[in-house]
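Participant: Below is start03.txt; it holds compact mmCIF, C-alpha atoms.
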# COMPACT_ATOMS: atom_id res chain seq x y z
CA MET A 24 0.00 0.00 0.00
CA GLU A 25 2.80 2.39 0.93
CA ARG A 26 4.60 1.63 -2.34
CA ARG A 27 1.47 2.47 -4.31
CA ARG A 28 1.18 5.77 -2.48
CA GLY A 29 4.82 6.58 -3.16
CA SER A 30 4.51 5.79 -6.85
CA THR A 31 1.32 7.87 -7.08
CA ILE A 32 3.00 10.86 -5.42
CA SER A 33 6.01 10.52 -7.73
CA LEU A 34 3.74 10.42 -10.77
CA LEU A 35 1.87 13.52 -9.62
CA GLY A 36 5.19 15.28 -9.06
CA LEU A 37 6.34 14.46 -12.58
CA LEU A 38 3.06 15.70 -14.04
CA LEU A 39 3.32 18.93 -12.04
CA LEU A 40 6.90 19.42 -13.21
CA ALA A 41 5.88 18.86 -16.83
CA CYS A 42 3.03 21.35 -16.52
CA THR A 43 5.36 23.91 -14.95
CA GLN A 44 7.90 23.53 -17.72
CA ALA A 45 5.18 23.89 -20.36
CA THR A 46 3.88 27.06 -18.70
CA ALA A 47 7.38 28.57 -18.45
CA ARG A 48 8.04 28.31 -22.22
CA GLU A 49 9.39 31.32 -24.10
CA VAL A 50 8.58 32.54 -27.59
CA VAL A 51 11.71 32.71 -29.76
CA TYR A 52 12.37 35.87 -31.79
CA SER A 53 14.67 36.36 -34.76
CA GLY A 54 15.55 39.38 -36.86
CA PRO A 55 18.15 42.12 -37.29
CA PRO A 56 18.89 43.86 -33.96
CA VAL A 57 20.03 47.05 -35.74
CA VAL A 58 18.50 48.51 -38.92
CA HIS A 59 19.53 51.67 -40.77
CA ASP A 60 16.96 54.40 -41.14
CA GLY A 61 14.97 53.91 -44.37
CA GLN A 62 15.87 50.23 -44.79
CA PRO A 63 13.32 47.32 -44.66
CA TRP A 64 13.20 44.98 -41.68
CA VAL A 65 11.40 41.79 -40.56
CA VAL A 66 11.00 40.35 -37.07
CA GLU A 67 9.72 36.77 -36.68
CA CYS A 68 8.43 35.02 -33.56
CA ARG A 69 8.28 31.22 -33.31
CA GLY A 70 6.93 28.77 -30.78
CA LEU A 71 3.34 30.03 -30.62
CA GLU A 72 0.62 27.66 -29.41
CA GLU A 73 -2.69 27.33 -31.26
CA ASP A 74 -4.57 29.19 -28.55
CA ASP A 75 -2.01 32.01 -28.22
CA PRO A 76 -3.48 35.36 -29.34
CA VAL A 77 -1.25 37.05 -31.94
CA ARG A 78 -1.14 40.74 -31.07
CA TRP A 79 2.07 42.62 -31.82
CA THR A 80 3.03 45.45 -29.47
CA ARG A 81 5.95 47.85 -29.14
CA ASN A 82 6.92 48.93 -25.64
CA GLY A 83 3.57 47.59 -24.47
CA GLN A 84 1.62 49.81 -26.87
CA SER A 85 -0.72 48.62 -29.62
CA LEU A 86 0.46 48.90 -33.25
CA GLU A 87 -3.05 49.18 -34.69
CA PRO A 88 -2.63 52.74 -36.09
CA GLU A 89 0.57 51.79 -37.97
CA LEU A 90 -0.94 48.50 -39.14
CA ALA A 91 -4.04 50.27 -40.41
CA SER A 92 -1.97 52.82 -42.35
CA GLY A 93 0.22 50.14 -43.92
CA GLN A 94 3.48 51.27 -42.29
CA LEU A 95 3.71 47.85 -40.63
CA VAL A 96 2.49 44.48 -41.90
CA VAL A 97 1.74 41.29 -39.93
CA GLN A 98 1.85 37.84 -41.54
CA SER A 99 0.61 34.92 -39.44
CA LYS A 100 0.09 31.50 -41.01
CA SER A 101 -2.51 29.39 -39.21
CA GLY A 102 -1.08 26.28 -37.57
CA SER A 103 2.55 27.22 -38.23
CA GLY A 104 3.20 28.64 -34.76
CA THR A 105 4.93 31.66 -36.29
CA SER A 106 4.16 35.31 -36.98
CA LYS A 107 6.11 38.00 -38.84
CA LEU A 108 6.10 41.77 -38.42
CA SER A 109 7.71 43.80 -41.21
CA ALA A 110 8.21 47.33 -42.52
CA LEU A 111 9.36 48.51 -45.93
CA GLU A 112 11.07 51.58 -44.50
CA ALA A 113 12.57 51.85 -41.02
CA ARG A 114 11.76 54.97 -39.05
CA GLU A 115 13.12 56.37 -35.80
CA ASN A 116 9.87 55.62 -33.97
CA HIS A 117 10.26 51.91 -34.82
CA ASP A 118 12.97 51.67 -32.16
CA GLY A 119 11.78 49.64 -29.14
CA ASP A 120 10.83 46.28 -27.58
CA TYR A 121 8.48 44.09 -29.63
CA LYS A 122 6.18 41.25 -28.52
CA CYS A 123 4.02 39.12 -30.79
CA THR A 124 1.71 37.94 -27.99
CA PRO A 125 0.97 38.91 -24.38
CA GLU A 126 1.83 35.30 -23.43
CA SER A 127 5.51 35.95 -24.25
CA ASP A 128 7.79 36.49 -21.26
CA ASN A 129 10.59 37.88 -23.40
CA ALA A 130 10.74 40.54 -26.12
CA PHE A 131 12.79 41.51 -29.18
CA HIS A 132 14.64 44.84 -29.12
CA LEU A 133 14.98 46.59 -32.46
CA SER A 134 17.37 49.55 -32.75
CA ILE A 135 17.09 52.02 -35.62
CA TYR A 136 20.41 53.51 -36.68
CA VAL A 137 20.14 56.98 -38.16
CA ASP A 138 22.83 57.69 -40.77
CA THR A 139 22.71 61.37 -39.93
CA ILE A 140 25.85 62.50 -38.11
CA ILE A 141 24.76 64.14 -34.85
CA ARG A 142 27.14 66.68 -33.34
CA VAL A 143 26.70 68.68 -30.14
CA LEU A 144 27.53 72.37 -30.42
CA SER A 145 28.96 74.16 -27.40
CA GLN A 146 31.49 76.93 -26.79
CA VAL A 147 34.35 74.44 -26.63
CA ASP A 148 33.34 73.09 -30.07
CA THR A 149 33.54 76.38 -31.97
CA PRO A 150 34.58 76.77 -34.66
CA MET A 151 32.90 73.51 -35.75
CA VAL A 152 33.95 72.16 -39.15
CA MET A 153 31.65 69.95 -41.23
CA GLU A 154 33.25 68.14 -44.13
CA CYS A 155 31.64 66.97 -47.34
CA ALA A 156 32.51 63.31 -47.91
CA ASN A 157 33.67 61.95 -51.29
CA ARG A 158 34.63 65.40 -52.54
CA THR A 159 37.49 65.97 -54.97
CA ALA A 160 39.24 69.21 -55.85
CA ASN A 161 37.07 69.98 -58.88
CA ASP A 162 33.70 69.00 -57.38
CA LYS A 163 31.11 71.66 -56.75
CA VAL A 164 29.72 71.58 -53.20
CA GLN A 165 26.17 72.50 -52.30
CA TRP A 166 25.28 73.03 -48.62
CA ILE A 167 21.64 72.98 -47.47
CA LYS A 168 20.27 73.84 -44.01
CA ASP A 169 16.74 72.79 -43.10
CA SER A 170 15.84 72.29 -46.80
CA LYS A 171 17.11 75.78 -47.76
CA PRO A 172 20.41 76.85 -49.38
CA ILE A 173 23.01 77.81 -46.80
CA ALA A 174 23.19 81.28 -48.37
CA VAL A 175 19.74 82.02 -46.90
CA ALA A 176 20.90 81.03 -43.41
CA MET A 177 24.09 83.06 -43.79
CA ALA A 178 22.06 86.14 -44.76
CA ASP A 179 19.72 85.78 -41.78
CA SER A 180 22.48 85.27 -39.20
CA GLU A 181 25.60 87.30 -39.84
CA GLY A 182 28.88 85.91 -38.57
CA VAL A 183 27.58 82.46 -37.60
CA PHE A 184 28.52 80.52 -40.76
CA ARG A 185 31.44 80.50 -43.12
CA ILE A 186 32.27 78.33 -46.17
CA ASN A 187 35.88 77.51 -46.92
CA ASN A 188 36.14 77.94 -50.68
CA GLU A 189 39.26 75.78 -50.93
CA THR A 190 38.03 72.73 -49.03
CA GLY A 191 34.27 73.23 -49.41
CA ASN A 192 33.83 72.72 -45.67
CA LEU A 193 31.14 74.54 -43.72
CA GLU A 194 32.26 76.19 -40.48
CA ILE A 195 30.03 77.21 -37.57
CA LEU A 196 31.75 80.08 -35.77
CA LYS A 197 29.39 80.82 -32.88
CA GLU A 198 27.15 78.95 -30.48
CA GLU A 199 23.87 80.54 -31.53
CA GLU A 200 20.30 79.33 -31.81
CA GLU A 201 20.42 79.78 -35.58
CA ALA A 202 23.20 77.19 -35.83
CA TYR A 203 21.04 74.26 -34.67
CA GLY A 204 19.31 72.22 -37.33
CA ASN A 205 19.74 69.67 -40.13
CA TYR A 206 22.48 70.12 -42.72
CA SER A 207 23.18 68.31 -45.96
CA CYS A 208 26.21 68.50 -48.20
CA LYS A 209 25.71 67.35 -51.80
CA VAL A 210 28.49 66.43 -54.21
CA GLY A 211 27.23 64.92 -57.44
CA ASN A 212 24.97 62.00 -56.54
CA SER A 213 26.27 61.56 -52.96
CA SER A 214 25.35 63.52 -49.85
CA THR A 215 26.45 63.79 -46.22
CA ASP A 216 23.88 64.62 -43.54
CA TYR A 217 24.54 66.38 -40.23
CA ARG A 218 22.31 67.30 -37.31
CA ILE A 219 23.68 70.06 -35.06
CA VAL A 220 22.10 69.99 -31.60
CA ALA A 221 22.50 71.77 -28.27
CA LYS A 222 23.71 70.09 -25.11
CA PRO A 223 20.87 67.91 -23.81
CA THR A 224 19.29 68.46 -20.42
CA ALA A 225 17.94 65.93 -17.92
CA ILE A 226 15.31 66.78 -15.31
CA MET A 227 13.85 64.60 -12.56
CA PRO A 228 12.27 65.37 -9.16
CA GLN A 229 14.61 65.48 -6.17
CA SER A 230 12.80 62.55 -4.60
CA LEU A 231 9.71 60.41 -4.98
CA SER A 232 7.88 57.86 -2.84
CA VAL A 233 6.42 54.51 -3.88
CA VAL A 234 4.42 52.11 -1.70
CA GLU A 235 6.03 48.70 -1.27
CA GLY A 236 4.73 46.23 -3.86
CA GLU A 237 3.51 48.90 -6.28
CA LYS A 238 4.97 50.04 -9.64
CA LEU A 239 7.58 52.74 -10.15
CA HIS A 240 6.96 55.08 -13.10
CA LEU A 241 9.62 57.70 -13.77
CA VAL A 242 10.23 59.96 -16.79
CA CYS A 243 13.54 61.61 -17.62
CA LEU A 244 12.48 65.03 -18.89
CA GLY A 245 14.52 67.78 -20.50
CA LYS A 246 15.38 69.50 -23.76
CA GLN A 247 16.43 66.71 -26.10
CA SER A 248 16.49 66.32 -29.88
CA PRO A 249 15.63 63.18 -31.89
CA GLY A 250 18.47 60.68 -31.81
CA ILE A 251 19.16 61.06 -28.09
CA LYS A 252 20.13 57.94 -26.13
CA VAL A 253 18.94 57.39 -22.56
CA SER A 254 20.45 55.08 -19.96
CA TRP A 255 19.38 54.44 -16.36
CA SER A 256 21.18 53.44 -13.20
CA PHE A 257 18.86 51.58 -10.82
CA GLY A 258 19.78 49.33 -7.92
CA GLY A 259 23.48 49.65 -8.69
CA ARG A 260 23.09 48.44 -12.30
CA ASN A 261 23.05 50.28 -15.63
CA TYR A 262 20.23 49.70 -18.11
CA THR A 263 20.08 50.71 -21.78
CA GLN A 264 17.16 48.37 -22.55
CA SER A 265 14.51 46.36 -20.70
CA GLU A 266 15.68 43.53 -18.50
CA GLY A 267 13.71 41.51 -15.95
CA ARG A 268 11.28 43.66 -13.99
CA VAL A 269 13.03 46.84 -15.18
CA LYS A 270 11.26 48.08 -18.31
CA LEU A 271 12.39 51.00 -20.47
CA ALA A 272 9.62 52.52 -22.54
CA ARG A 273 9.24 55.21 -25.16
CA ASP A 274 8.15 58.71 -24.24
CA GLU A 275 5.43 59.06 -26.85
CA ASP A 276 5.04 62.81 -26.31
CA ARG A 277 8.65 63.51 -27.36
CA GLY A 278 9.33 60.34 -29.37
CA ILE A 279 12.35 59.27 -27.26
CA TYR A 280 12.89 55.59 -26.53
CA GLY A 281 14.11 54.75 -23.02
CA ALA A 282 13.07 58.05 -21.45
CA VAL A 283 10.46 56.22 -19.32
CA LEU A 284 11.51 53.86 -16.52
CA ASN A 285 8.99 51.32 -15.19
CA VAL A 286 9.86 48.89 -12.39
CA GLU A 287 7.37 46.30 -11.15
CA ASN A 288 6.92 45.22 -7.53
CA ILE A 289 9.08 47.78 -5.74
CA GLY A 290 10.67 46.46 -2.53
CA MET A 291 12.43 47.98 0.46
CA ALA A 292 15.79 46.98 -1.02
CA ASP A 293 15.14 49.27 -4.03
CA ARG A 294 15.42 52.39 -1.90
CA GLY A 295 18.27 54.62 -3.09
CA GLU A 296 19.47 56.93 -5.84
CA ILE A 297 18.27 56.57 -9.44
CA TYR A 298 20.28 58.19 -12.24
CA CYS A 299 19.21 59.15 -15.75
CA ARG A 300 21.92 59.91 -18.32
CA VAL A 301 21.21 61.35 -21.77
CA SER A 302 23.73 61.53 -24.61
CA TYR A 303 23.91 61.37 -28.39
CA ASN A 304 26.88 59.03 -28.29
CA TRP A 305 27.72 56.61 -25.45
CA SER A 306 31.44 56.93 -26.14
CA ASP A 307 31.36 60.74 -25.97
CA THR A 308 32.42 61.61 -22.40
CA THR A 309 32.84 65.36 -22.99
CA GLU A 310 31.09 67.12 -20.11
CA ASP A 311 29.37 69.63 -22.42
CA HIS A 312 27.92 66.84 -24.58
CA TYR A 313 25.78 64.90 -22.07
CA ALA A 314 23.53 65.53 -19.09
CA GLU A 315 22.66 63.58 -15.96
CA ALA A 316 19.91 63.81 -13.35
CA GLN A 317 19.27 61.92 -10.15
CA THR A 318 16.40 61.32 -7.75
CA LEU A 319 16.03 59.60 -4.40
CA LEU A 320 13.55 56.73 -4.33
CA ARG A 321 11.78 56.32 -0.98
CA VAL A 322 9.82 53.12 -0.38
CA LYS A 323 6.85 53.28 2.00
CA ASP A 324 5.66 50.38 4.09
CA LYS A 325 2.39 48.82 2.91
CA LEU A 326 0.84 49.49 6.33
CA ALA A 327 2.19 53.04 6.56
CA ALA A 328 -1.23 54.51 5.79
CA LEU A 329 -2.81 52.44 8.59
CA TRP A 330 -0.56 53.69 11.39
CA PRO A 331 -2.36 57.06 11.87
CA PHE A 332 -5.72 55.27 11.92
CA LEU A 333 -4.44 52.68 14.39
CA GLY A 334 -3.05 55.50 16.55
CA ILE A 335 -6.45 57.19 16.66
CA CYS A 336 -8.10 53.87 17.52
CA ALA A 337 -5.60 53.35 20.34
CA GLU A 338 -6.31 56.83 21.74
CA VAL A 339 -10.06 56.14 21.69
CA VAL A 340 -9.56 52.81 23.48
CA VAL A 341 -7.41 54.45 26.18
CA LEU A 342 -9.95 57.25 26.71
CA CYS A 343 -12.81 54.74 26.96
CA ALA A 344 -10.83 52.67 29.48
CA ILE A 345 -10.11 55.78 31.60
CA ILE A 346 -13.78 56.81 31.56
CA LEU A 347 -14.88 53.26 32.44
CA ILE A 348 -12.47 53.01 35.38
CA TYR A 349 -13.48 56.45 36.62
CA GLU A 350 -17.21 55.64 36.48
CA LYS A 351 -16.65 52.32 38.22
CA LYS A 352 -14.75 53.96 41.10
CA ARG A 353 -17.35 56.70 41.45
CA ASN A 354 -20.24 54.23 41.63
CA LYS A 355 -18.42 52.18 44.25
CA ALA A 356 -17.78 55.29 46.40
CA GLU A 357 -21.47 56.27 46.23
CA LEU A 358 -22.58 52.81 47.35
CA GLU A 359 -20.25 52.86 50.36
CA GLU A 360 -21.47 56.32 51.33
CA SER A 361 -25.11 55.26 51.19
CA ASP A 362 -24.47 52.27 53.51
CA THR A 363 -22.88 54.35 56.30
CA ASP A 364 -25.43 57.21 56.38
CA GLN A 365 -28.81 56.86 58.26
CA SER A 366 -31.92 58.77 57.28
CA PRO A 367 -34.23 60.59 59.92
CA ASP A 368 -37.12 58.21 59.23
CA THR A 369 -35.27 55.29 60.73
CA LYS A 370 -34.89 56.82 64.32
CA PRO A 371 -36.87 55.06 67.20
CA THR A 372 -40.27 56.67 68.30
CA PRO A 373 -41.31 57.15 72.00
CA ASN A 374 -43.82 54.70 73.67
CA LYS A 375 -47.29 56.30 73.82
CA ASP A 376 -48.67 53.82 76.37
CA SER A 377 -46.20 54.90 79.06
CA ASP A 378 -47.26 58.54 78.68
CA VAL A 379 -50.88 57.66 79.20
CA ARG A 380 -50.21 55.75 82.43
CA GLN A 381 -48.26 58.60 84.00
CA ARG A 382 -51.17 61.03 83.50
CA LYS A 383 -53.51 58.82 85.40
What does this structure look like when you write it as structure tokens?
Facilitator:
Amino acid sequence: MERRRGSTISLLGLLLLACTQATAREVVYSGPPVVHDGQPWVVECRGLEEDDPVRWTRNGQSLEPELASGQLVVQSKSGSGTSKLSALEARENHDGDYKCTPESDNAFHLSIYVDTIIRVLSQVDTPMVMECANRTANDKVQWIKDSKPIAVAMADSEGVFRINNETGNLEILKEEEEAYGNYSCKVGNSSTDYRIVAKPTAIMPQSLSVVEGEKLHLVCLGKQSPGIKVSWSFGGRNYTQSEGRVKLARDEDRGIYGAVLNVENIGMADRGEIYCRVSYNWSDTTEDHYAEAQTLLRVKDKLAALWPFLGICAEVVVLCAIILIYEKKRNKAELEESDTDQSPDTKPTPNKDSDVRQRK
């Protein structure tokens, strides 16, 4: 009998283990991790079950508007256990974490590489020289700023720009607002694109409080241009993309991936400093080319909101106990007083018969 029980328990354990392993499966993704701006891309997910809903998302957001407009296309063959998401032309907003189904525990991160050369303009960078690639001595160079000939920009802002007639290079002489923008140098059929930006800024509150067990939502704000890169330091680790319970999301208002930090199930051990660093190039350590902000995360106890209520309840209980004891002592004193005192009605009356006999 005992052997049968043991074998039954072992069988149940194996079944439970098999069910656990089946539940813990992961969908497998494949595709190019980095795609140049304007190039086509395809991301495929495999390992889907028949009852898995196929619903592609990016950074947890629905792709329905882009699917409806034709920017993105989904191909899912019934019974194949696979689904493909594709785009004919990569755009900067395609950068992010993709999932083909909510049942997937993991995600696929797609990075969009912009061929435009981004350069930060500060006082230490002036004069800034921009070269036209693939130029020979006899080639004619044409510089364009924000879709207009550079001559227009030079006329509107005197002393900010200068073209070297010998080399064909464009020089920015001053750190002025008019210098920021998109530049293009054309030589024959080739072109070189630049984006001149100001030093980025990073803004976060000095501190914030989160109740234990709840979700942390933090946004790294500031003046930042498209192409900015955001990294976070949380719990002593650096994050440039989602990992585990730490999720980096896109700030849809400004179109910046990674500017939003979400952390599930905050614990007491998470208390400490959180850093946000913004830069256009991770390898650029020039102080005038990046910005950093920090905030102190405070974690509140789950029962913290109950302590004031419990304190009030304790005060009421103490007051009621004092009143009860006082009333009990007062009633006891009144009873003892009433037992010792005698009223006038209880005194003895004289004998009337004796008075009558004396008169006779």
Participant: For range 304-321 of chain A, list every protein, DNA or RNA residue within 9 Å, evaluated using only C-alpha atoms, and leave out those in the same chain fewer than 4 positions away; present the list as a PyMOL selection string.
Facilitator: chain A and resi 141-147+221-234+243+251-252+291+293-300
Participant: Hey, which of A:Ser103, A:Ser170, A:Asn188, A:Ser134 ends up closest to Thr263 in chain A? Count all atoms listed in the file.
Facilitator: A:Ser134
Participant: Could you state the separation of CA of Gly334 in chain A and CA of Tyr349 in chain A in Å, given to one decimal place?
Facilitator: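 Pair CA of Gly334 in chain A / CA of Tyr349 in chain A returns 22.6 Å.
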Participant: Nearest residue to Glu189 in chain A out of A:Glu201, A:Asp169, A:Glu154, A:Glu275, using only C-alpha atoms?
Facilitator: A:Glu154
Participant: Neighbouring residues of Gly93 in chain A were defined as those with any atom within 9 Å, considering all atoms listed in the file; residues of the same chain fewer than 4 positions away were excluded. Please report them as a VMD selection string.
Facilitator: chain A and resid 88 to 89 110
Participant: Please report the interatomic distance between CA of Glu67 in chain A and CA of Ser106 in chain A in Å with one decimal.
Facilitator: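 Atom-to-atom, CA of Glu67 in chain A and CA of Ser106 in chain A are spaced 5.8 Å apart.
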Participant: Using only C-alpha atoms, find the one residue out of A:Ile173, A:Val164, A:Gly250, A:Gly54 that sits nearest to Asp138 in chain A.
Facilitator: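 Counting only C-alpha atoms, the residue closest to Asp138 in chain A is A:Gly250.
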Participant: So, counting all atoms listed in the file, which residue among A:Ser92, A:Asn157, A:Ser180, A:Gln264 is closest to Tyr280 in chain A?
Facilitator: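 Using all atoms listed in the file, the shortest distance to Tyr280 in chain A belongs to A:Gln264.
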Participant: Interatomic distance between CA of Ala282 in chain A and CA of Leu244 in chain A?
Facilitator: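 CA of Leu244 in chain A lies 7.5 Å from CA of Ala282 in chain A.
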Participant: List the neighbours of range 215-219 of chain A out to 6 Å using all atoms listed in the file; skip same-chain residues closer than 4 positions along the sequence, and give me the result as a list in words.
Facilitator: Thr139, Ile140, Ile141, Arg142, Val143, Tyr203, Gly204, Asn205, Tyr206, Ser207 and Cys208 of chain A
Participant: Could you work out an axis-aligned bounding box for all listed atoms of range 133-142 of chain A, with 4 Å added on each of the six sides, and give its centre and edge lengths in Å to one decimal, as lines of an AutoDock Vina configuration file?
Facilitator:
center_x = 21.1
center_y = 56.6
center_z = -36.6
size_x = 20.2
size_y = 28.1
size_z = 16.3
